[in-house]
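Okay, so here's the structure we're looking at.
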Amino acid sequence: METIRLVVNGQPRELNIDPATPLLWVLREQLGLTGTKFGCGMALCGACTVHVDGNAVRSCVTPVKAVAGKRITTIEGLSSDRSHPVQKAWLQVQVPQCGYCQPGQMMSAAALLAVNAKPSDADIDDAMAGNLCRCGTYARIRKAIHVAAELARSAK
Amino acid sequence: MTRRSGPLLLLSVGASTAILFVGFAYLSPRVFAGGQSNAGGNEKSLQAFRAVASVLTSPRCLNCHTSYGGPLQGDDNHPHAMNVKRGVDGKGSAALRCLACHQTENGKTLHSPPGAADWQLPSPKTPMAWKGLSTGELCRTLKDPAKNGNRSLQDLIPHMDTSLVRWAWNPGPGRTVPPLSHDEFVGRLKEWIETGAACPQ
């Protein structure tokens, strides 16, 4: 066991934990942030995507020791009032079907828009190729990312 | 030409031949050292490079040293799942960076992501693409600073000792390793350089 400090959704956290514990289980079981989902456990599906210092990361294969001292953002931390352009766009386009993969989809989308304010279809396809959706909502995801980009631009 | 010029001509040709011979004898080691020729006497260097090439063309190296727009996977060099791209810096595209999945150490289970420090592809400016090259082309590419990341021959040696290169000998479950040990590989690389870094045609 080790003492590991993180900043999760803006709040400093201190954990006494096995440093090899996947970040996903720290978020879900230690911190009660169950918005981030377990999918494959092998970084193959993207359901567990969170941000580490702003970069999209698969939390299921990330040992908590690897993110000590870093800023973690989960789907709960995207905004507290559904004001993030991605949240607004996902509601506007009604993207989810079953919804299980959508937290990961949204976190990857937010990471993309943070570095590319006006992504092309190809940019979106490249960025989102690691997030699987068994319901096949890909067309709505792509549309929602364009909507979110437009919302973000018009808000400036 | 007159008859009287005959002896002078012979003398001239003889002198020129001697000068050429001496000149060639002086220059040839330098030519060999530059690896521009392998004509005779450099078989040891060529053999050393063929051993080096057996490692460089193994799947663990080729899967990133490729001209394809992203990494490859497996011993059959198929494109990386999820359509992963090289990106502008060799570290993946926006929101799908290499480090999204690859840690500084291997995943423990079969098919989980491998990992090492500084996990990345060569940059798009210098992709160091080896797949599809003949052994001679690979050799000349490795020696060309414009194609090898602006490295001298001596600079190649510490590169082969980085954690990312060493990963090839500890690739995690289910992955084959290069045909030589790391020590043998570095030894043959040094031998190739020390014997003139000759390249096959």
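The way I read the labels, and the way they are meant: chains A, B, ... in the order of the structure tokens, residue 1 as the first residue of every chain, and ligand 1 as the first ligand shown, with later ones counted on from there.
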Find the residues around Asp183 (chain B) up to 10 Å (only C-alpha atoms counted), leave out those fewer than 5 positions away in its own chain, and share them as an NGL selection string.
:B and (161 or 188-189)
List the neighbours of region 63-72 of chain A out to 7 Å using only C-alpha atoms; skip same-chain residues closer than 4 positions along the sequence, and give me the result as a ChimeraX atom specification.
/A:4-9,19-23,51-53
Would you save the residues from that selection as a PDB file, in the first residue's frame, using N, CA and C atoms?
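Contents of again-v8.pdb, freshly written:
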```pdb
ATOM      1  N   ILE A   4      -1.131   7.889  -2.228  1.00  0.00           N
ATOM      2  CA  ILE A   4      -1.093   8.526  -3.549  1.00  0.00           C
ATOM      3  C   ILE A   4      -2.066   9.687  -3.560  1.00  0.00           C
ATOM      4  N   ARG A   5      -1.568  10.818  -4.046  1.00  0.00           N
ATOM      5  CA  ARG A   5      -2.403  12.025  -4.119  1.00  0.00           C
ATOM      6  C   ARG A   5      -2.754  12.331  -5.571  1.00  0.00           C
ATOM      7  N   LEU A   6      -4.013  12.651  -5.765  1.00  0.00           N
ATOM      8  CA  LEU A   6      -4.518  13.012  -7.088  1.00  0.00           C
ATOM      9  C   LEU A   6      -5.399  14.243  -6.951  1.00  0.00           C
ATOM     10  N   VAL A   7      -5.678  14.871  -8.067  1.00  0.00           N
ATOM     11  CA  VAL A   7      -6.720  15.901  -8.096  1.00  0.00           C
ATOM     12  C   VAL A   7      -7.799  15.386  -9.038  1.00  0.00           C
ATOM     13  N   VAL A   8      -8.955  15.073  -8.486  1.00  0.00           N
ATOM     14  CA  VAL A   8     -10.022  14.489  -9.289  1.00  0.00           C
ATOM     15  C   VAL A   8     -11.169  15.486  -9.398  1.00  0.00           C
ATOM     16  N   ASN A   9     -11.473  15.843 -10.605  1.00  0.00           N
ATOM     17  CA  ASN A   9     -12.529  16.838 -10.877  1.00  0.00           C
ATOM     18  C   ASN A   9     -12.331  18.092 -10.019  1.00  0.00           C
ATOM     19  N   PRO A  19      -0.532   0.581  -5.358  1.00  0.00           N
ATOM     20  CA  PRO A  19      -0.244   1.475  -6.485  1.00  0.00           C
ATOM     21  C   PRO A  19      -0.533   0.877  -7.856  1.00  0.00           C
ATOM     22  N   ALA A  20      -0.693  -0.450  -7.906  1.00  0.00           N
ATOM     23  CA  ALA A  20      -1.003  -1.078  -9.195  1.00  0.00           C
ATOM     24  C   ALA A  20      -2.495  -1.082  -9.500  1.00  0.00           C
ATOM     25  N   THR A  21      -3.311  -0.613  -8.591  1.00  0.00           N
ATOM     26  CA  THR A  21      -4.763  -0.611  -8.807  1.00  0.00           C
ATOM     27  C   THR A  21      -5.102   0.231 -10.031  1.00  0.00           C
ATOM     28  N   PRO A  22      -5.918  -0.301 -10.947  1.00  0.00           N
ATOM     29  CA  PRO A  22      -6.305   0.521 -12.103  1.00  0.00           C
ATOM     30  C   PRO A  22      -7.063   1.777 -11.656  1.00  0.00           C
ATOM     31  N   LEU A  23      -6.782   2.861 -12.326  1.00  0.00           N
ATOM     32  CA  LEU A  23      -7.445   4.125 -12.016  1.00  0.00           C
ATOM     33  C   LEU A  23      -8.964   3.975 -12.058  1.00  0.00           C
ATOM     34  N   HIS A  51      -9.897  11.954 -18.542  1.00  0.00           N
ATOM     35  CA  HIS A  51      -8.789  12.846 -18.908  1.00  0.00           C
ATOM     36  C   HIS A  51      -7.737  12.834 -17.812  1.00  0.00           C
ATOM     37  N   VAL A  52      -6.493  12.726 -18.207  1.00  0.00           N
ATOM     38  CA  VAL A  52      -5.363  12.899 -17.286  1.00  0.00           C
ATOM     39  C   VAL A  52      -4.565  14.091 -17.795  1.00  0.00           C
ATOM     40  N   ASP A  53      -4.558  15.138 -17.015  1.00  0.00           N
ATOM     41  CA  ASP A  53      -3.935  16.400 -17.455  1.00  0.00           C
ATOM     42  C   ASP A  53      -4.427  16.791 -18.847  1.00  0.00           C
TER      43      ASP A  53
END
```
Chain B residues near chain A within 10 Å, closest pair each, using only C-alpha atoms, as a Markdown table:
```
| residue | atom | partner | partner_atom | distance |
| --- | --- | --- | --- | --- |
| B:Ala81 | CA | A:Gly130 | CA | 8.2 |
| B:Met82 | CA | A:Gly130 | CA | 5.0 |
| B:Asn83 | CA | A:Ala129 | CA | 6.3 |
| B:Val84 | CA | A:Asp126 | CA | 7.1 |
| B:Lys85 | CA | A:Asp126 | CA | 7.2 |
| B:Gly87 | CA | A:Asp126 | CA | 9.6 |
| B:Gly92 | CA | A:Ala127 | CA | 9.2 |
| B:Ser93 | CA | A:Ala127 | CA | 6.3 |
| B:Ala94 | CA | A:Leu112 | CA | 5.5 |
| B:Ala95 | CA | A:Leu112 | CA | 5.0 |
| B:Leu96 | CA | A:Ala127 | CA | 5.3 |
| B:Arg97 | CA | A:Ala56 | CA | 7.6 |
| B:Cys98 | CA | A:Val57 | CA | 9.3 |
| B:Leu99 | CA | A:Val57 | CA | 7.1 |
| B:Ala100 | CA | A:Val57 | CA | 3.9 |
| B:Cys101 | CA | A:Arg58 | CA | 5.7 |
| B:His102 | CA | A:Val61 | CA | 8.2 |
| B:Gln103 | CA | A:Thr62 | CA | 6.9 |
| B:Thr104 | CA | A:Ala66 | CA | 8.4 |
| B:Asn106 | CA | A:Val61 | CA | 10.0 |
| B:Gly107 | CA | A:Val61 | CA | 7.5 |
| B:Lys108 | CA | A:Val61 | CA | 10.0 |
| B:Thr109 | CA | A:Met42 | CA | 8.5 |
| B:Leu110 | CA | A:Met42 | CA | 9.4 |
| B:His111 | CA | A:Met42 | CA | 7.6 |
| B:Ser112 | CA | A:Met42 | CA | 5.2 |
| B:Pro113 | CA | A:Met42 | CA | 7.0 |
```
Could you list, as a PDB file with N, CA and C atoms, in the first residue's frame, every residue within 7 Å of Ala148 (chain A), counting only C-alpha atoms and ignoring same-chain residues fewer than 2 positions away?
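In the end it all went to out.pdb:
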```pdb
ATOM      1  N   PRO A  85     -20.094  22.112 -23.887  1.00  0.00           N
ATOM      2  CA  PRO A  85     -20.656  21.971 -25.244  1.00  0.00           C
ATOM      3  C   PRO A  85     -20.920  20.522 -25.646  1.00  0.00           C
ATOM      4  N   VAL A  86     -20.088  19.613 -25.188  1.00  0.00           N
ATOM      5  CA  VAL A  86     -20.303  18.202 -25.530  1.00  0.00           C
ATOM      6  C   VAL A  86     -21.576  17.692 -24.860  1.00  0.00           C
ATOM      7  N   ALA A  89     -24.509  19.195 -26.747  1.00  0.00           N
ATOM      8  CA  ALA A  89     -24.672  18.596 -28.079  1.00  0.00           C
ATOM      9  C   ALA A  89     -25.223  17.181 -27.970  1.00  0.00           C
ATOM     10  N   ALA A 144     -22.935  15.059 -33.352  1.00  0.00           N
ATOM     11  CA  ALA A 144     -22.914  15.794 -32.080  1.00  0.00           C
ATOM     12  C   ALA A 144     -21.577  16.505 -31.862  1.00  0.00           C
ATOM     13  N   ILE A 145     -20.512  15.900 -32.327  1.00  0.00           N
ATOM     14  CA  ILE A 145     -19.202  16.573 -32.176  1.00  0.00           C
ATOM     15  C   ILE A 145     -19.170  17.835 -33.026  1.00  0.00           C
ATOM     16  N   HIS A 146     -19.724  17.767 -34.224  1.00  0.00           N
ATOM     17  CA  HIS A 146     -19.812  18.996 -35.036  1.00  0.00           C
ATOM     18  C   HIS A 146     -20.670  20.037 -34.334  1.00  0.00           C
ATOM     19  N   GLU A 150     -19.510  23.753 -32.893  1.00  0.00           N
ATOM     20  CA  GLU A 150     -20.207  24.993 -33.248  1.00  0.00           C
ATOM     21  C   GLU A 150     -20.660  25.729 -31.980  1.00  0.00           C
ATOM     22  N   LEU A 151     -21.177  24.994 -31.007  1.00  0.00           N
ATOM     23  CA  LEU A 151     -21.598  25.611 -29.743  1.00  0.00           C
ATOM     24  C   LEU A 151     -20.412  26.282 -29.044  1.00  0.00           C
ATOM     25  N   ALA A 152     -19.290  25.607 -29.048  1.00  0.00           N
ATOM     26  CA  ALA A 152     -18.101  26.162 -28.391  1.00  0.00           C
ATOM     27  C   ALA A 152     -17.624  27.411 -29.100  1.00  0.00           C
TER      28      ALA A 152
END
```
